[in-house]
Amino acid sequence: MRVQRLREINTLAVLESIIAGRGESSRADVATATKLTRPTVSALVEGLLAAGLVEERESVRAGTGRPKTPLVASSKVVGLGAEVAADHLRVLGLGLDGSTVIDEARHTEVALRSPEQTALQLAELLRSCRERLPQGTRISALTVSLPARISGDGTCVASGPNIGWRDVPFSKLVTDAGWSETPVFLANDANLAAHHEADARPGESFLFLHGETGIGGAIVVDGTPLPGTHGWAGELGHLPLVPGGARCGCGLEGCLEAYVGFHALRKRAGLPDSTCLDTIAGRLSANQELTDQIGHEIGTALAGAFTLLDIDSLVLSGYFAPLAPALHKTLSQALSAHSFAEQIHISPAAQSRGVEVLGAAQASLQRVRADIGDWLSIKD
């Protein structure tokens with residue numbers, strides 16, 4: 001078993017080096033990067049080629065040296081991500097080489113449909129996407145991003161107040177609706193976005209506030225999002241803002257989400273119900289009085305978290321990211337007035353839109369790494 005595990009670890013190191021090389025790394029380059037011997041690298045590369053995880057490009061000659069045969073991760077090994085949001089479904093497929101191989105969205109009012117109806121719509125969209133993938137494509141897994149708290153085993157929606165779901169076995173519903181190609185895993189949308197942002201800020205510590213269907217968030221310490229005991233750490237949208245205030249979809253009163261969540265903001269701004277997630281920031285940015293109020297409310301609700309955690313950076317994501325300049329003044333004032341932090345750095349996320357489904361697809365690709373032995377059929 002130890003020999004098998006060592007081979008898997010070394011194989012992963014070789015695969016990661018090839019992925020990082022983006023089609024420019026030869027066996028010799030990989031050996032240098034991984035500090036493995038060339039014969040070892042060559043044997044491991046042969047296994048990756050046989051498994052279809054890696055492909056060889058045509059040899060090229062650089063100067064007077066020997067020809068170089070670049071290696072590239074396969075675009076035909078695909079991680080599928082799906083997003084269930086307030087007003088749309090979206091499917092994104094990423095190749096192991098990082099390429100986008102499929103990306104399709106469909107408008108739908110999820111809150112007006114049952115979980116079973118949503119599962120049928122999603123399964124139909126997934127099958128349509130699958131039919132358009134190149135022949136020979138293998139899908140590692142499907143990860144579904146949801147605006148909800150997810151059960152510990154990643155199969156059920158424990159609570160999704162903004163879409164009206166509770167204790168829904170959505171993984172099974174999608175399978176029963178006709179998607180039997182791969183396992184189906186569920187994940188919280190804000191957690192997926194936070195992991196993506198943490199990758200863009202290696203080693204940094206920050207609070208992450210994400211505006212999407214609901215208000216999600218994360219606590220990131222030294223580049224790692226903290227899950228908490230039940231996986232719910234960083235639910236910033238449910239910090240109290242107004243004791244005894246407006247009832248939140250979660251059942252509590254006065255939560256931040258009840259005031260700056262998507263549905264609440266649409267109502268406060270007098271926007272029509274047809275206003276979608278992609279356009280709400282632009283509609284709000286024209287109303288400085290309202291954005292000043294929003295900044296004050298966010299700062300008031302989050303201030304205690306900065307004192308508790310001794311973190312001095314806030315990252316705004318989702319529809320809050322493009323609003324960062326308009327929110328900055330009153331948000332900074334409220335944070336300073338209610339926390340010990342002398343100065344909190346406020347910045348928009350590296351990528352504010354589409355990170356939920358992108359994170360879901362990346363999570364599905366991680367299944368290749370987690371199950372590398374099965375992909376290679378490595379045995380004792």
# chains A, B, ... in the order shown; residues from 1 in each chain; ligands from 1
call {"tool": "residues_around", "arguments": {"residues": "His196 (chain A)", "least_positions_apart": "4", "cutoff": "12 Å", "atoms": "only C-alpha atoms", "output": "list in words"}}
result
Asp189, Ala190, Asn191, Leu192, Ala200, Arg201, Pro202, Phe208, Ala218, Val220, Gly223, Thr224, Pro225, Ser317, Ala349, Ala350, Gln351, Ser352, Arg353, Gly354, Val355, Glu356, Val357, Leu358, Gly359, Ala360, Ala361, Gln362 and Ala363 of chain A
call {"tool": "select_by_dssp", "arguments": {"residues": "region 111-330 of chain A", "states": "alpha helix (DSSP H)", "output": "NGL selection string"}}
result
:A and (115-131 or 170-176 or 189-200 or 257-260 or 262-268 or 277-285 or 288-309 or 324-330)
call {"tool": "select_by_dssp", "arguments": {"residues": "region 154-184 of chain A", "states": "strand (DSSP E or B)", "output": "PyMOL selection string"}}
result
chain A and resi 157-160+165-168+184
call {"tool": "write_last_selection", "arguments": {"atoms": "N, CA and C atoms", "output": "short mmCIF file (atom, residue, chain, number, x, y, z; two decimals), in the first residue's frame"}}
result
data_model
loop_
_atom_site.label_atom_id
_atom_site.label_comp_id
_atom_site.auth_asym_id
_atom_site.auth_seq_id
_atom_site.Cartn_x
_atom_site.Cartn_y
_atom_site.Cartn_z
N VAL A 157 -29.74 19.68 0.33
CA VAL A 157 -29.88 21.07 0.72
C VAL A 157 -30.51 21.09 2.11
N ALA A 158 -29.74 21.52 3.11
CA ALA A 158 -30.29 21.59 4.47
C ALA A 158 -31.27 22.75 4.58
N SER A 159 -30.87 23.90 4.01
CA SER A 159 -31.74 25.08 4.07
C SER A 159 -31.34 26.06 2.99
N GLY A 160 -32.29 26.41 2.14
CA GLY A 160 -32.08 27.41 1.11
C GLY A 160 -33.23 28.40 1.12
N TRP A 165 -36.21 26.17 -0.23
CA TRP A 165 -35.95 24.74 -0.07
C TRP A 165 -35.48 24.42 1.35
N ARG A 166 -35.87 23.27 1.83
CA ARG A 166 -35.38 22.77 3.12
C ARG A 166 -35.38 21.24 3.08
N ASP A 167 -34.27 20.65 3.51
CA ASP A 167 -34.13 19.19 3.57
C ASP A 167 -34.49 18.54 2.23
N VAL A 168 -33.83 19.04 1.19
CA VAL A 168 -34.09 18.54 -0.17
C VAL A 168 -32.91 17.68 -0.64
N VAL A 184 -23.09 13.20 -8.31
CA VAL A 184 -23.53 14.60 -8.18
C VAL A 184 -23.22 15.07 -6.76
#
call {"tool": "closest_residue", "arguments": {"among": "A:Leu125, A:Leu236, A:Cys248, A:Leu271", "to": "Arg283 (chain A)", "atoms": "only C-alpha atoms"}}
result
A:Leu271
call {"tool": "atom_distance", "arguments": {"atom1": "CA of Ser332 (chain A)", "atom2": "CA of Ile219 (chain A)"}}
result
18.8 Å
call {"tool": "residues_around", "arguments": {"residues": "region 91-98 of chain A", "least_positions_apart": "3", "cutoff": "7 Å", "atoms": "only C-alpha atoms", "output": "MDAnalysis selection string"}}
result
chainID A and resid 19 72:83 101:105 126 357:358 361 365
call {"tool": "write_last_selection", "arguments": {"atoms": "C-alpha atoms", "output": "PDB file, in the first residue's frame"}}
result
ATOM      1  CA  ILE A  19      -0.827  21.472 -15.939  1.00  0.00           C
ATOM      2  CA  VAL A  72      -0.268  19.028 -22.087  1.00  0.00           C
ATOM      3  CA  ALA A  73      -3.100  18.019 -19.771  1.00  0.00           C
ATOM      4  CA  SER A  74      -6.073  16.666 -21.672  1.00  0.00           C
ATOM      5  CA  SER A  75      -9.021  18.851 -22.590  1.00  0.00           C
ATOM      6  CA  LYS A  76     -11.102  15.681 -22.877  1.00  0.00           C
ATOM      7  CA  VAL A  77     -11.082  15.077 -19.137  1.00  0.00           C
ATOM      8  CA  VAL A  78     -13.726  17.521 -17.968  1.00  0.00           C
ATOM      9  CA  GLY A  79     -15.028  18.729 -14.635  1.00  0.00           C
ATOM     10  CA  LEU A  80     -18.656  19.867 -14.809  1.00  0.00           C
ATOM     11  CA  GLY A  81     -20.016  22.650 -12.646  1.00  0.00           C
ATOM     12  CA  ALA A  82     -23.655  23.684 -12.477  1.00  0.00           C
ATOM     13  CA  GLU A  83     -25.135  26.737 -10.809  1.00  0.00           C
ATOM     14  CA  VAL A 101     -15.238  23.302 -23.217  1.00  0.00           C
ATOM     15  CA  ILE A 102     -18.909  24.109 -22.548  1.00  0.00           C
ATOM     16  CA  ASP A 103     -20.736  27.080 -21.053  1.00  0.00           C
ATOM     17  CA  GLU A 104     -24.496  27.461 -21.258  1.00  0.00           C
ATOM     18  CA  ALA A 105     -27.081  29.269 -19.140  1.00  0.00           C
ATOM     19  CA  LEU A 126     -26.785  18.883 -18.592  1.00  0.00           C
ATOM     20  CA  VAL A 357     -20.043  27.819 -11.372  1.00  0.00           C
ATOM     21  CA  LEU A 358     -16.311  28.172 -12.045  1.00  0.00           C
ATOM     22  CA  ALA A 361     -16.235  22.965 -12.159  1.00  0.00           C
ATOM     23  CA  LEU A 365     -11.716  18.465 -11.469  1.00  0.00           C
TER      24      LEU A 365
END
call {"tool": "atom_distance", "arguments": {"atom1": "CA of Glu109 (chain A)", "atom2": "CA of Thr279 (chain A)"}}
result
15.8 Å
